[in-house]
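Data file: my_file-v3.cif. Format and content: mmCIF, C-alpha atoms.
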```
data_model
loop_
_atom_site.label_atom_id
_atom_site.label_comp_id
_atom_site.auth_asym_id
_atom_site.auth_seq_id
_atom_site.Cartn_x
_atom_site.Cartn_y
_atom_site.Cartn_z
CA MET A 1 116.75 123.84 94.89
CA SER A 2 118.33 124.59 98.26
CA LEU A 3 120.40 127.76 98.59
CA LEU A 4 118.85 129.35 95.53
CA GLY A 5 115.49 127.90 96.36
CA PRO A 6 112.27 129.86 95.97
CA SER A 7 110.73 131.83 98.78
CA LYS A 8 107.33 133.39 99.25
CA ALA A 9 108.74 136.84 98.51
CA ASP A 10 109.42 135.79 94.93
CA PHE A 11 105.78 134.86 94.30
CA TYR A 12 106.83 131.33 93.65
CA THR A 13 104.23 129.61 91.50
CA VAL A 14 103.87 125.92 90.89
CA ILE A 15 102.11 124.80 87.75
CA VAL A 16 100.82 121.28 87.82
CA GLY A 17 100.52 119.83 84.35
CA CYS A 18 102.65 120.84 81.40
CA GLY A 19 100.05 120.50 78.67
CA ARG A 20 99.07 123.26 76.31
CA LEU A 21 97.60 125.51 78.97
CA GLY A 22 100.21 124.69 81.60
CA SER A 23 103.16 125.30 79.32
CA MET A 24 101.65 128.53 78.00
CA LEU A 25 101.12 129.81 81.54
CA ALA A 26 104.60 128.74 82.55
CA ASN A 27 106.18 130.56 79.62
CA ASP A 28 104.15 133.72 80.29
CA LEU A 29 104.82 133.76 84.02
CA SER A 30 108.49 133.13 83.56
CA ASN A 31 108.76 135.89 80.95
CA ALA A 32 107.05 138.25 83.36
CA GLY A 33 109.84 137.55 85.83
CA GLY A 34 108.13 135.21 88.28
CA GLU A 35 109.66 132.13 89.93
CA VAL A 36 108.01 129.16 88.30
CA LEU A 37 108.15 125.41 88.80
CA VAL A 38 106.30 123.26 86.29
CA VAL A 39 105.61 119.65 87.14
CA ASP A 40 104.32 116.80 85.05
CA LYS A 41 104.22 113.02 85.31
CA ASP A 42 105.54 112.75 81.77
CA PRO A 43 109.04 114.16 81.18
CA GLY A 44 108.21 114.49 77.48
CA ALA A 45 105.67 117.18 78.32
CA PHE A 46 108.39 119.75 79.06
CA VAL A 47 109.25 120.10 75.36
CA ARG A 48 106.26 122.43 75.15
CA LEU A 49 108.15 125.00 77.19
CA SER A 50 109.82 127.73 75.18
CA SER A 51 113.60 127.63 74.80
CA GLY A 52 113.77 130.85 76.80
CA PHE A 53 111.89 129.37 79.75
CA GLY A 54 113.64 130.56 82.88
CA GLY A 55 111.87 128.45 85.45
CA LEU A 56 112.38 124.96 86.83
CA THR A 57 110.79 121.67 85.92
CA ALA A 58 110.23 118.54 87.94
CA GLN A 59 108.94 115.18 86.85
CA GLY A 60 106.70 113.42 89.31
CA ASP A 61 103.25 112.53 90.57
CA ALA A 62 101.48 115.59 91.91
CA THR A 63 99.25 113.43 94.10
CA ASN A 64 102.24 112.14 96.00
CA ILE A 65 102.82 113.92 99.30
CA ASP A 66 106.57 113.41 99.36
CA PHE A 67 106.87 114.87 95.87
CA LEU A 68 104.79 117.90 96.79
CA THR A 69 106.56 118.50 100.08
CA GLU A 70 110.15 117.90 99.14
CA THR A 71 110.50 118.43 95.41
CA CYS A 72 107.83 121.05 94.82
CA ARG A 73 108.22 122.77 98.21
CA LEU A 74 104.55 123.53 98.00
CA SER A 75 104.44 125.14 101.45
CA ASP A 76 106.58 127.93 100.03
CA ALA A 77 104.34 128.56 97.04
CA PHE A 78 102.44 131.80 96.64
CA ALA A 79 100.20 130.21 94.04
CA VAL A 80 99.54 126.83 92.54
CA VAL A 81 97.78 126.43 89.23
CA ILE A 82 96.43 122.98 88.57
CA VAL A 83 95.88 122.21 84.94
CA THR A 84 96.28 118.50 84.29
CA ASP A 85 93.87 116.92 81.84
CA ASP A 86 92.14 114.95 84.58
CA ASP A 87 89.45 116.90 86.47
CA ILE A 88 89.40 114.52 89.39
CA ILE A 89 93.14 114.68 89.95
CA ASN A 90 92.93 118.47 89.68
CA ILE A 91 90.33 118.56 92.43
CA MET A 92 92.31 116.38 94.81
CA VAL A 93 95.58 118.23 94.27
CA ALA A 94 93.75 121.54 94.81
CA GLN A 95 92.39 120.28 98.10
CA MET A 96 95.81 119.02 99.14
CA ALA A 97 97.30 122.42 98.30
CA HIS A 98 94.70 124.07 100.57
CA GLU A 99 94.49 121.60 103.37
CA ILE A 100 98.04 120.35 103.75
CA TYR A 101 100.18 123.17 102.36
CA HIS A 102 97.96 126.19 103.00
CA VAL A 103 98.83 127.77 99.68
CA GLU A 104 97.24 131.21 99.43
CA HIS A 105 96.12 131.03 95.80
CA VAL A 106 94.93 127.77 94.37
CA ILE A 107 93.51 127.84 90.86
CA THR A 108 92.10 124.74 89.26
CA ARG A 109 90.86 124.00 85.80
CA ILE A 110 87.70 121.94 85.72
CA TYR A 111 86.33 120.67 82.42
CA ASP A 112 82.89 119.68 83.63
CA PRO A 113 80.70 122.70 84.47
CA ASP A 114 78.53 120.60 86.80
CA ARG A 115 81.38 120.06 89.19
CA GLU A 116 82.36 123.69 89.41
CA GLY A 117 79.75 124.72 91.97
CA LEU A 118 80.66 122.09 94.50
CA TYR A 119 84.33 122.98 94.48
CA GLN A 120 83.81 126.67 94.70
CA GLU A 121 81.99 125.93 97.96
CA LEU A 122 85.26 124.48 99.19
CA GLY A 123 87.09 127.72 98.43
CA ILE A 124 88.96 126.54 95.38
CA GLU A 125 89.06 129.04 92.54
CA THR A 126 88.13 127.22 89.39
CA ILE A 127 88.20 128.17 85.80
CA CYS A 128 85.92 126.21 83.58
CA PRO A 129 86.99 126.62 79.95
CA VAL A 130 83.80 125.00 78.71
CA ARG A 131 81.63 127.58 80.43
CA HIS A 132 83.86 130.41 79.34
CA SER A 133 83.95 129.23 75.74
CA ALA A 134 80.21 128.73 75.65
CA LYS A 135 79.64 132.24 76.99
CA ARG A 136 82.14 133.68 74.55
CA ILE A 137 80.70 131.79 71.60
CA LYS A 138 77.20 132.84 72.59
CA SER A 139 78.21 136.49 72.75
CA MET A 140 79.98 136.21 69.38
CA LEU A 141 76.84 134.70 67.86
CA THR A 142 74.59 137.34 69.42
CA THR A 143 76.79 140.15 68.11
CA SER A 144 76.96 138.79 64.57
CA HIS A 145 73.21 138.14 64.61
CA GLU A 146 72.60 141.76 65.52
CA GLU A 147 75.00 142.93 62.84
CA GLY A 148 73.30 140.72 60.30
CA ALA A 149 69.86 142.03 61.28
CA SER A 150 70.78 145.67 60.91
CA ALA A 151 72.49 145.20 57.53
CA MET B 1 64.22 98.81 106.73
CA LYS B 2 67.46 97.38 105.32
CA ARG B 3 70.61 99.45 105.75
CA SER B 4 72.01 100.35 102.38
CA VAL B 5 75.60 100.40 101.23
CA LEU B 6 77.16 101.91 98.11
CA LEU B 7 80.32 100.25 96.80
CA ILE B 8 82.24 102.56 94.53
CA GLY B 9 84.79 101.27 92.04
CA GLY B 10 87.17 98.39 92.61
CA TYR B 11 86.71 94.81 91.57
CA SER B 12 87.89 91.96 93.78
CA LYS B 13 87.31 93.87 97.01
CA THR B 14 83.94 94.89 95.66
CA ARG B 15 82.91 91.34 94.81
CA SER B 16 84.00 90.09 98.16
CA LEU B 17 82.37 92.88 100.16
CA ALA B 18 79.17 92.71 98.13
CA THR B 19 78.76 89.00 98.75
CA SER B 20 79.51 89.36 102.45
CA LEU B 21 77.25 92.38 103.00
CA ILE B 22 74.33 90.91 101.06
CA ALA B 23 74.60 87.78 103.18
CA LYS B 24 74.41 89.98 106.26
CA GLY B 25 71.20 91.54 105.00
CA TYR B 26 72.37 94.87 103.63
CA ALA B 27 70.93 96.40 100.48
CA VAL B 28 74.03 96.82 98.29
CA THR B 29 74.59 98.82 95.12
CA ALA B 30 77.86 98.91 93.19
CA ILE B 31 79.04 101.61 90.80
CA ASN B 32 81.75 100.93 88.25
CA ASP B 33 82.71 102.68 85.03
CA ASN B 34 83.93 99.55 83.27
CA PRO B 35 81.14 97.73 81.42
CA THR B 36 82.91 94.36 81.58
CA ILE B 37 83.28 94.61 85.33
CA CYS B 38 79.68 95.73 85.63
CA ASP B 39 78.62 92.62 83.74
CA GLU B 40 80.58 90.38 86.07
CA LEU B 41 79.28 92.14 89.17
CA SER B 42 75.72 91.70 87.90
CA SER B 43 76.11 87.98 88.34
CA ILE B 44 76.17 88.46 92.12
CA ASP B 45 72.73 87.66 93.45
CA GLY B 46 71.02 90.62 95.05
CA LEU B 47 73.57 93.19 93.93
CA GLU B 48 72.34 96.31 92.13
CA VAL B 49 74.89 97.51 89.59
CA VAL B 50 75.11 100.99 88.06
CA CYS B 51 77.56 101.45 85.20
CA GLY B 52 79.02 104.93 85.06
CA ASP B 53 81.37 107.53 86.48
CA SER B 54 81.15 107.55 90.26
CA CYS B 55 82.32 111.16 90.37
CA GLU B 56 79.20 112.33 88.57
CA ALA B 57 76.27 113.45 90.67
CA GLY B 58 73.81 111.94 88.18
CA ILE B 59 75.31 108.47 88.51
CA LEU B 60 75.46 108.64 92.30
CA ASP B 61 71.85 109.74 92.27
CA GLU B 62 70.87 106.81 90.08
CA ALA B 63 72.67 104.49 92.47
CA GLY B 64 70.59 105.76 95.37
CA ALA B 65 73.26 107.77 97.16
CA GLY B 66 70.51 109.99 98.51
CA SER B 67 69.15 107.21 100.67
CA CYS B 68 72.35 105.38 101.36
CA ASP B 69 73.74 104.77 104.85
CA ILE B 70 77.36 104.01 104.06
CA SER B 71 79.53 104.72 101.03
CA ILE B 72 82.66 102.64 100.49
CA ALA B 73 85.21 103.78 97.90
CA LEU B 74 87.41 100.93 96.66
CA SER B 75 89.18 102.02 93.50
CA ASN B 76 92.93 102.19 92.81
CA SER B 77 92.72 105.93 92.35
CA ASP B 78 92.91 107.98 95.53
CA ALA B 79 91.56 110.99 93.67
CA ARG B 80 88.44 109.13 92.56
CA ASN B 81 87.95 107.65 96.00
CA LEU B 82 88.23 111.06 97.61
CA VAL B 83 86.00 112.93 95.19
CA SER B 84 83.27 110.29 95.11
CA SER B 85 83.30 110.11 98.92
CA GLU B 86 83.06 113.89 99.17
CA LEU B 87 80.20 114.00 96.69
CA CYS B 88 78.37 111.33 98.64
CA LYS B 89 78.77 113.30 101.83
CA GLU B 90 78.30 116.87 100.65
CA ARG B 91 75.81 116.47 97.85
CA PHE B 92 73.87 113.44 99.08
CA GLY B 93 74.27 113.55 102.84
CA VAL B 94 75.53 110.00 103.20
CA PRO B 95 76.18 109.70 106.96
CA LYS B 96 79.24 107.47 106.84
CA SER B 97 82.00 107.30 104.27
CA VAL B 98 84.69 104.66 104.11
CA SER B 99 87.54 104.75 101.63
CA ILE B 100 90.60 102.83 100.60
CA VAL B 101 93.62 105.12 100.54
CA ASN B 102 96.34 103.73 98.30
CA ASP B 103 98.99 106.25 99.35
CA ALA B 104 99.19 105.70 103.10
CA LYS B 105 100.62 109.17 103.65
CA LYS B 106 97.28 110.61 102.65
CA LEU B 107 95.33 108.95 105.47
CA GLU B 108 95.22 112.07 107.61
CA PHE B 109 94.35 114.23 104.64
CA PHE B 110 91.37 112.02 103.81
CA HIS B 111 90.28 112.32 107.44
CA SER B 112 90.44 116.11 107.31
CA MET B 113 88.43 116.14 104.11
CA GLY B 114 85.57 114.45 105.94
CA VAL B 115 86.04 110.78 105.07
CA ASN B 116 84.99 108.97 108.24
CA ALA B 117 87.07 105.88 107.84
CA PRO B 118 90.06 106.07 105.49
CA ILE B 119 91.82 102.72 105.27
CA SER B 120 95.34 102.03 104.13
CA VAL B 121 95.61 98.49 102.89
CA ALA B 122 99.42 98.63 103.14
CA HIS B 123 99.22 99.57 106.83
CA MET B 124 96.81 96.79 107.63
CA ILE B 125 98.95 94.21 105.89
CA THR B 126 102.24 95.29 107.45
CA SER B 127 100.59 95.33 110.89
CA LEU B 128 99.37 91.80 110.39
CA ILE B 129 102.75 90.64 109.15
CA GLU B 130 104.52 92.23 112.10
CA GLN B 131 102.19 90.58 114.51
CA GLN B 132 102.55 87.19 112.89
CA ALA B 133 106.32 87.47 112.74
CA PHE B 134 107.03 88.90 116.16
CA VAL B 135 104.14 88.33 118.48
CA ASP B 136 103.40 84.70 118.05
CA ASP B 137 102.57 83.86 121.64
CA LEU B 138 99.56 86.11 121.88
CA GLU B 139 96.58 85.27 119.75
CA ASN B 140 94.38 87.66 117.81
CA VAL B 141 96.19 90.91 118.47
CA ILE B 142 94.20 93.65 116.83
CA PRO B 143 96.07 96.95 116.69
CA MET B 144 93.71 99.87 116.90
CA ASP B 145 94.09 103.59 116.86
CA HIS B 146 97.39 103.56 114.93
CA GLY B 147 99.07 101.10 117.27
CA GLN B 148 98.23 102.94 120.49
CA ILE B 149 96.04 100.22 121.99
CA GLU B 150 95.92 96.50 121.49
CA VAL B 151 93.16 94.03 121.99
CA MET B 152 94.08 90.41 122.60
CA GLU B 153 92.63 87.13 123.66
CA LEU B 154 94.29 85.14 126.46
CA ARG B 155 93.32 81.71 127.67
CA VAL B 156 93.40 80.57 131.31
CA PRO B 157 95.19 77.21 131.35
CA LYS B 158 93.34 74.30 132.96
CA ASP B 159 95.95 73.91 135.66
CA SER B 160 96.53 77.58 136.22
CA PRO B 161 97.24 78.65 139.80
CA HIS B 162 95.20 81.75 139.03
CA ALA B 163 92.03 79.82 138.33
CA GLY B 164 89.48 80.31 141.04
CA LYS B 165 90.75 83.80 141.87
CA ARG B 166 88.77 86.98 141.44
CA ILE B 167 89.94 89.44 138.84
CA ARG B 168 90.90 91.97 141.48
CA GLU B 169 93.14 89.38 143.10
CA LEU B 170 95.10 88.83 139.89
CA ASP B 171 98.30 90.69 139.29
CA ILE B 172 97.20 92.60 136.21
CA PRO B 173 99.23 95.70 135.19
CA GLY B 174 97.52 99.08 135.58
CA ASP B 175 97.09 99.85 131.90
CA VAL B 176 95.48 96.54 131.03
CA ILE B 177 91.74 95.97 131.28
CA VAL B 178 89.98 92.67 131.16
CA ALA B 179 87.18 93.81 128.91
CA CYS B 180 85.33 90.61 128.45
CA LEU B 181 85.34 87.03 129.66
CA LEU B 182 84.29 84.21 127.40
CA ARG B 183 83.22 81.03 129.10
CA GLY B 184 81.98 78.44 126.67
CA PRO B 185 79.17 80.10 124.76
CA ARG B 186 78.70 82.80 127.39
CA THR B 187 80.05 86.31 127.21
CA ILE B 188 80.53 87.93 130.58
CA VAL B 189 81.47 91.55 131.19
CA PRO B 190 83.61 91.07 134.26
CA ASN B 191 84.20 93.30 137.25
CA GLY B 192 86.73 93.00 140.04
CA ASN B 193 84.68 90.33 141.80
CA THR B 194 84.31 88.01 138.84
CA THR B 195 86.03 84.68 139.40
CA VAL B 196 88.29 83.38 136.68
CA LEU B 197 87.93 79.69 135.86
CA PRO B 198 90.14 77.26 133.94
CA GLY B 199 89.42 77.35 130.21
CA ASP B 200 88.11 80.92 130.35
CA ARG B 201 89.15 83.23 127.53
CA LEU B 202 89.85 86.79 128.51
CA ILE B 203 89.62 89.63 126.03
CA VAL B 204 92.16 92.10 127.26
CA ILE B 205 92.81 95.68 126.15
CA SER B 206 96.24 97.16 126.68
CA GLY B 207 97.53 100.68 126.26
CA GLN B 208 100.94 99.41 125.27
CA HIS B 209 102.44 96.61 123.30
CA LEU B 210 102.75 93.49 125.43
CA GLU B 211 105.90 91.59 124.47
CA SER B 212 105.66 87.88 124.98
CA ASP B 213 109.04 87.78 126.70
CA SER B 214 108.91 91.08 128.52
CA SER B 215 110.17 90.85 132.03
CA ASP B 216 107.87 93.57 133.31
CA ASP B 217 104.83 91.54 132.52
CA SER B 218 102.87 90.45 135.51
CA GLU B 219 103.00 86.89 136.73
CA PHE B 220 99.39 86.49 135.70
CA LEU B 221 100.04 87.56 132.12
CA ASN B 222 103.15 85.42 131.90
CA ASP B 223 101.14 82.43 132.95
CA MET B 224 98.58 83.14 130.23
CA GLN B 225 101.28 83.42 127.61
CA ASP B 226 102.83 80.10 128.46
CA VAL B 227 99.79 78.36 127.11
CA ARG B 228 100.56 79.62 123.61
CA SER B 229 104.05 78.12 123.36
#
```
Represent the supplied structure as structure tokens.
Amino acid sequence: MSLLGPSKADFYTVIVGCGRLGSMLANDLSNAGGEVLVVDKDPGAFVRLSSGFGGLTAQGDATNIDFLTETCRLSDAFAVVIVTDDDIINIMVAQMAHEIYHVEHVITRIYDPDREGLYQELGIETICPVRHSAKRIKSMLTTSHEEGASA
Amino acid sequence: MKRSVLLIGGYSKTRSLATSLIAKGYAVTAINDNPTICDELSSIDGLEVVCGDSCEAGILDEAGAGSCDISIALSNSDARNLVSSELCKERFGVPKSVSIVNDAKKLEFFHSMGVNAPISVAHMITSLIEQQAFVDDLENVIPMDHGQIEVMELRVPKDSPHAGKRIRELDIPGDVIVACLLRGPRTIVPNGNTTVLPGDRLIVISGQHLESDSSDDSEFLNDMQDVRS
């Protein structure tokens, strides 16, 4: 990752967590032509990446400063998307990305809707799948209820 | 009104701190998400125990974070320590937050996120070991401010030629202050005119590391050090 290393101009994105969402995002971003690095503590997680995945992977602990500085080159990242399955880790890594590495776009997945408000105050973009699903399900139910009523 | 302390996570440090703080008259509450640990902590007399996730506002509320003076995060997870400390500060207005930081490189980061006193156990231990291994002539060296200043205790030998002199007559280097003079049970804040007597203990603050065998040490300090060997 030295001579051919990523630079800001390539919209280098780091995805933290290679679970279902992380691997899907990584595949999509890589297919769209972006520079992607996916990291995960568990090397087995990378099997979820498609065989055509054109990005890089790195195994390591995303809460470790040396790993983030040297292996992930987080200071060079245009965006970091934090999607591990642990909300609390996601929050801390997001804050590290902001505070230490000054990454322009930090997106974090939070499972618990109650925590979302507090972290938006800190300038971290969060996506809360629970809230989104609930909204979506509610709108689906409302629509089908209306359809049922008019039939 | 008792000052109240919230101990978040941890186990052996929590037990030890709880016992010590309760003995000192603090109102102490511990939060832990492990029911077995909560059971064991409950056996400590005077300790309030809340079993639950310390990163949840509801649990912190139940534990009295809203009226707490100091929060101390003690778990093995830096992320949990950080988030619970931040919640205590931002959501509940706890004036002072203390936290263990397991990854010493994150000390500064914790500071910038508003934790008042982040503590690296590894740093403290290696400091102590260094002192014990290399600075054995000087007693009670407490490194402060990341090793920039040192506080130490020196004793005036009974037969010291410096006994009977005033502090301003002693050959003390410029960046060393005699902060305090202990004479028997008395604590004296000395000035230049204070006379130093045999058996006195001087609490001295130095801006640089004083080597026991350094040749630029003053005659006065060398004399003090001889007592230790």
Item to complete: Compute the set of chain A residues within 6 Å of chain B, using all atoms listed in the file, and express it as a ChimeraX atom specification.
Response: /A:88-89,92
Fill in: Residues selected by the PyMOL selection byres ((chain A and resi 65-70) around 12), written as a count of residues only
42
Item to complete: Select, from B:Ala122, B:Leu197, B:Leu202, B:Leu170, the residue with the minimum atom-to-atom distance to B:Glu153, counting only C-alpha atoms.
Response: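 Checking each candidate against B:Glu153, we get B:Leu202 as the closest.
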Worksheet, complete the sentence: Here atom CA of B:Val101 and atom CA of B:Tyr11 stand apart by 15.3 Å
Worksheet item: Which residue, B:Glu40, B:Asp61, B:Asp159, B:Asp175, has the smallest gap to B:Leu6 when you use only C-alpha atoms?
Response: B:Asp61
Discussion item. At a cut-off of 10 Å, using all atoms listed in the file, what residues contact B:Pro190? Leave out same-chain residues fewer than 3 positions from it and give the result as an NGL selection string.
Written reply: :B and (166-167 or 177-182 or 187 or 193-196 or 202)
